[in-house]
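Note: the block below is run25.txt and it holds compact mmCIF, C-alpha atoms.
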```
# COMPACT_ATOMS: atom_id res chain seq x y z
CA MET A 23 96.92 135.75 176.98
CA THR A 24 93.53 134.06 177.20
CA SER A 25 93.02 130.62 178.61
CA GLN A 26 92.78 127.64 176.31
CA ALA A 27 89.50 126.90 178.10
CA PHE A 28 88.10 129.70 175.92
CA PRO A 29 89.87 129.35 172.56
CA ILE A 30 89.56 132.26 170.17
CA ALA A 31 90.58 132.82 166.58
CA ALA A 32 91.23 136.08 164.77
CA LEU A 33 90.43 137.13 161.22
CA VAL A 34 92.14 140.32 160.09
CA LEU A 35 90.25 141.82 157.17
CA ALA A 36 92.81 143.37 154.84
CA HIS A 37 91.13 142.73 151.49
CA ASP A 38 91.43 146.40 150.56
CA ALA A 39 94.93 146.97 151.97
CA ASP A 40 97.90 147.99 149.89
CA PRO A 41 101.52 146.80 150.33
CA SER A 42 102.38 149.82 152.46
CA ARG A 43 100.22 148.27 155.23
CA SER A 44 102.39 145.13 155.62
CA LEU A 45 104.09 146.31 158.84
CA ALA A 46 100.80 147.50 160.33
CA LEU A 47 99.25 144.11 159.52
CA ALA A 48 102.15 142.33 161.21
CA ALA A 49 101.48 144.43 164.32
CA LEU A 50 97.78 143.46 164.28
CA VAL A 51 98.78 139.79 163.97
CA ALA A 52 101.17 140.14 166.93
CA THR A 53 98.47 141.73 169.08
CA ALA A 54 95.98 139.01 168.12
CA ARG A 55 98.56 136.38 169.12
CA ASP A 56 99.19 138.20 172.41
CA LEU A 57 95.43 138.05 172.98
CA GLY A 58 95.68 134.27 172.66
CA ALA A 59 94.11 133.94 169.24
CA ALA A 60 95.01 130.76 167.41
CA PRO A 61 94.81 130.57 164.55
CA VAL A 62 95.20 134.07 163.19
CA VAL A 63 94.01 134.40 159.61
CA VAL A 64 94.60 137.42 157.39
CA ALA A 65 92.43 137.92 154.32
CA ALA A 66 94.62 140.01 152.00
CA PRO A 67 95.53 140.42 148.33
CA PRO A 68 98.67 138.71 146.96
CA ALA A 69 100.83 141.86 147.03
CA ILE A 70 100.71 142.01 150.84
CA GLU A 71 103.61 140.39 152.69
CA LEU A 72 102.56 138.67 155.89
CA PRO A 73 104.36 136.93 158.77
CA ALA A 74 105.06 133.24 158.20
CA THR A 75 103.16 132.37 161.39
CA VAL A 76 99.80 133.51 160.01
CA ARG A 77 97.25 131.65 157.92
CA VAL A 78 96.55 133.55 154.74
CA ALA A 79 93.34 133.74 152.75
CA ARG A 80 94.29 135.43 149.48
CA THR A 81 91.69 137.80 148.09
CA ARG A 82 91.49 139.55 144.76
CA GLU A 83 92.65 143.16 144.58
CA SER A 84 89.06 144.41 144.37
CA SER A 85 87.53 141.83 146.70
CA SER A 86 84.51 142.71 148.79
CA ARG A 87 84.43 142.64 152.56
CA ILE A 88 81.98 139.73 152.64
CA GLY A 89 84.20 137.84 150.19
CA ALA A 90 87.16 138.31 152.54
CA ILE A 91 85.05 137.20 155.51
CA ARG A 92 83.94 134.07 153.66
CA LEU A 93 87.46 133.14 152.59
CA GLY A 94 88.88 133.78 156.05
CA MET A 95 86.10 131.97 157.90
CA ALA A 96 86.64 128.90 155.70
CA GLN A 97 90.12 128.69 157.28
CA LEU A 98 88.49 128.42 160.72
CA ALA A 99 85.96 125.65 160.07
CA ASN A 100 87.98 122.88 161.72
CA THR A 101 89.30 124.86 164.70
CA SER A 102 88.21 124.65 168.31
CA ALA A 103 87.70 128.41 168.55
CA ARG A 104 84.56 129.47 170.38
CA VAL A 105 84.67 133.04 169.05
CA VAL A 106 86.36 134.85 166.21
CA LEU A 107 87.76 138.36 166.46
CA LEU A 108 86.93 140.14 163.19
CA TRP A 109 89.44 142.95 162.94
CA PRO A 110 89.39 145.35 159.97
CA HIS A 111 92.96 146.45 159.22
CA ASP A 112 91.91 150.09 159.06
CA ALA A 113 89.94 150.08 162.32
CA PRO A 114 90.92 152.53 165.04
CA THR A 115 93.76 151.18 167.17
CA ALA A 116 92.71 148.83 169.97
CA SER A 117 95.02 147.95 172.83
CA LEU A 118 95.51 144.47 174.21
CA VAL A 119 93.74 145.54 177.43
CA GLU A 120 90.72 146.77 175.44
CA LEU A 121 90.58 143.53 173.44
CA LEU A 122 90.85 141.50 176.65
CA SER A 123 87.80 143.33 177.98
CA MET A 124 85.92 142.14 174.90
CA VAL A 125 87.04 138.55 175.52
CA ASP A 126 85.95 138.79 179.16
CA ALA A 127 82.49 139.92 178.03
CA ALA A 128 82.31 137.02 175.56
CA LYS A 129 83.18 134.58 178.34
CA ARG A 130 80.32 135.92 180.47
CA ALA A 131 77.80 135.81 177.60
CA PRO A 132 79.11 133.34 174.99
CA GLU A 133 76.09 133.69 172.68
CA VAL A 134 76.36 137.44 172.02
CA ILE A 135 78.30 139.62 169.62
CA VAL A 136 80.77 141.81 171.53
CA ALA A 137 81.86 145.24 170.30
CA PHE A 138 83.12 148.54 171.67
CA VAL A 139 80.68 151.20 172.84
CA GLY A 140 79.90 153.67 170.07
CA ALA A 141 81.92 151.81 167.43
CA PRO A 142 80.32 150.81 164.12
CA LEU A 143 80.28 147.02 163.84
CA ASP A 144 81.73 146.97 160.33
CA ALA A 145 84.62 149.31 161.14
CA SER A 146 86.01 148.08 164.46
CA PRO A 147 87.09 144.86 166.19
CA VAL A 148 84.09 142.60 166.90
CA LEU A 149 83.86 139.19 168.57
CA ILE A 150 81.46 136.79 166.86
CA PRO A 151 80.37 133.62 168.71
CA ARG A 152 80.82 130.31 166.93
CA ASP A 153 77.11 129.60 166.70
CA ALA A 154 76.76 132.77 164.58
CA TRP A 155 79.47 131.93 162.05
CA LEU A 156 77.08 130.47 159.48
CA GLU A 157 74.86 133.53 159.78
CA LEU A 158 77.93 135.74 159.45
CA VAL A 159 78.89 134.31 156.07
CA THR A 160 75.32 134.33 154.77
CA VAL A 161 73.59 137.46 156.11
CA GLY A 162 76.88 139.33 156.42
CA GLU A 163 76.49 140.59 152.85
CA ASN A 164 74.38 143.32 154.36
CA GLY A 165 77.04 144.15 156.94
CA LEU A 166 77.36 143.14 160.54
CA ASP A 167 74.30 145.21 161.38
CA ALA A 168 72.22 142.53 159.62
CA LEU A 169 73.74 139.91 161.90
CA ALA A 170 73.28 142.14 164.94
CA ALA A 171 69.57 142.49 164.09
CA ARG A 172 69.26 138.73 164.72
CA ARG A 173 71.45 138.56 167.84
CA ARG A 174 72.15 140.47 170.99
CA VAL A 175 75.14 142.80 170.93
CA GLU A 176 77.03 143.54 174.13
CA ARG A 177 79.07 146.74 174.13
CA VAL A 178 82.17 147.20 176.26
CA ALA A 179 83.92 150.43 177.12
CA ARG A 180 87.27 151.25 175.57
```
Would you put the structure from the file into structure tokens?
Amino acid sequence: MTSQAFPIAALVLAHDADPSRSLALAALVATARDLGAAPVVVAAPPAIELPATVRVARTRESSSRIGAIRLGMAQLANTSARVVLLWPHDAPTASLVELLSMVDAAKRAPEVIVAFVGAPLDASPVLIPRDAWLELVTVGENGLDALAARRRVERVAR
């Protein structure tokens, strides 16, 4: 679990998930909580059942990724989080140890985007620093690569 001296939030992007993913989403939420993320927000359509301990941003069935990001990020506006973990529900599995290595990198360089080596930014867990959140919800329409073109990206090994 991370220290409260470096508060993080998590946004699980499940806007295109179907109800069969409910258990997998609950596992992602549990891992995000184990990481120390608070709050944990899940952007998902109404048919998805989610744990009661999670904040929910309800999307439409055919919602876009940027729409889910915008709805989820709105839930984080009044938090003390210094970074947000964007975690697509269909991303390759990431262990708690791997995610902790991302958090450690973010602590060392709090102004950078942190991602895994060789992983596409839009399809894997990514840490976004707070001072990039406004850019995320505005330039993010063009994917996280548009945001990365404006900021440094630090890659950590899996």
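Take CA of Leu158 in chain A and CA of Ala49 in chain A: the distance between them is 25.6 Å.
CA of Pro110 in chain A sits 16.8 Å away from CA of Trp155 in chain A.
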Handout entry: Neighbour list for Pro151 in chain A as a ChimeraX atom specification, cut-off 7 Å, only C-alpha atoms, skip fewer than 2 positions in-chain
Key = /A:104-106,132-135,149,153-155
For those residues, write C-alpha atoms to a file as a PDB file, keeping the file's coordinate frame.
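Saved result, out-v2.pdb, follows:
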```pdb
ATOM      1  CA  ARG A 104      84.560 129.470 170.380  1.00  0.00           C
ATOM      2  CA  VAL A 105      84.670 133.040 169.050  1.00  0.00           C
ATOM      3  CA  VAL A 106      86.360 134.850 166.210  1.00  0.00           C
ATOM      4  CA  PRO A 132      79.110 133.340 174.990  1.00  0.00           C
ATOM      5  CA  GLU A 133      76.090 133.690 172.680  1.00  0.00           C
ATOM      6  CA  VAL A 134      76.360 137.440 172.020  1.00  0.00           C
ATOM      7  CA  ILE A 135      78.300 139.620 169.620  1.00  0.00           C
ATOM      8  CA  LEU A 149      83.860 139.190 168.570  1.00  0.00           C
ATOM      9  CA  ASP A 153      77.110 129.600 166.700  1.00  0.00           C
ATOM     10  CA  ALA A 154      76.760 132.770 164.580  1.00  0.00           C
ATOM     11  CA  TRP A 155      79.470 131.930 162.050  1.00  0.00           C
TER      12      TRP A 155
END
```
Exercise for the section: Using all atoms listed in the file, determine which residues lie at most 10 Å from Leu118 in chain A, disregarding the query and same-chain residues fewer than 2 positions distant; provide the list as a PyMOL selection string. Expected result: chain A and resi 23+53-54+56-57+115-116+120-124
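Atom pair CA of Ala99 in chain A / CA of Ala31 in chain A: separated by 10.7 Å.
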Exercise for the section: Please provide as an NGL selection string all residues within 7 Å of Ala79 in chain A, with the sequence filter that same-chain residues fewer than 3 positions apart are discarded (counting only C-alpha atoms). Expected result: :A and (63-66 or 93-94)
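Each of A:Ile88, A:Leu35, A:Leu72, A:Val136 was compared to Glu163 in chain A using only C-alpha atoms, and A:Ile88 turns out to be the nearest.
You can rank A:Arg87, A:Phe28, A:Val34, A:Ala69 by their closest distance to Arg130 in chain A using all atoms listed in the file, and at the top of that list sits A:Phe28.
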Handout entry: Polymer residues at most 8 Å from Val159 in chain A, all atoms listed in the file, same-chain spacing of 2 or more positions, as a PyMOL selection string
Key = chain A and resi 88+91-92+95+155-157+161-163
Problem - Nearest candidate to Leu107 in chain A (options A:Gly58, A:Gly140, A:Gly165, A:Pro147; using only C-alpha atoms) - result: A:Pro147
Handout entry: Non-local contacts of Thr101 in chain A (10 Å; only C-alpha atoms; under 6 positions in same chain excluded) as a PyMOL selection string
Key = chain A and resi 29-31+60-61
Taking C-alpha atoms for each residue, export the selection above as a compact mmCIF listing (two decimals), keeping the file's coordinate frame.
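Output (result_19.txt):
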```txt
# COMPACT_ATOMS: atom_id res chain seq x y z
CA PRO A 29 89.87 129.35 172.56
CA ILE A 30 89.56 132.26 170.17
CA ALA A 31 90.58 132.82 166.58
CA ALA A 60 95.01 130.76 167.41
CA PRO A 61 94.81 130.57 164.55
```
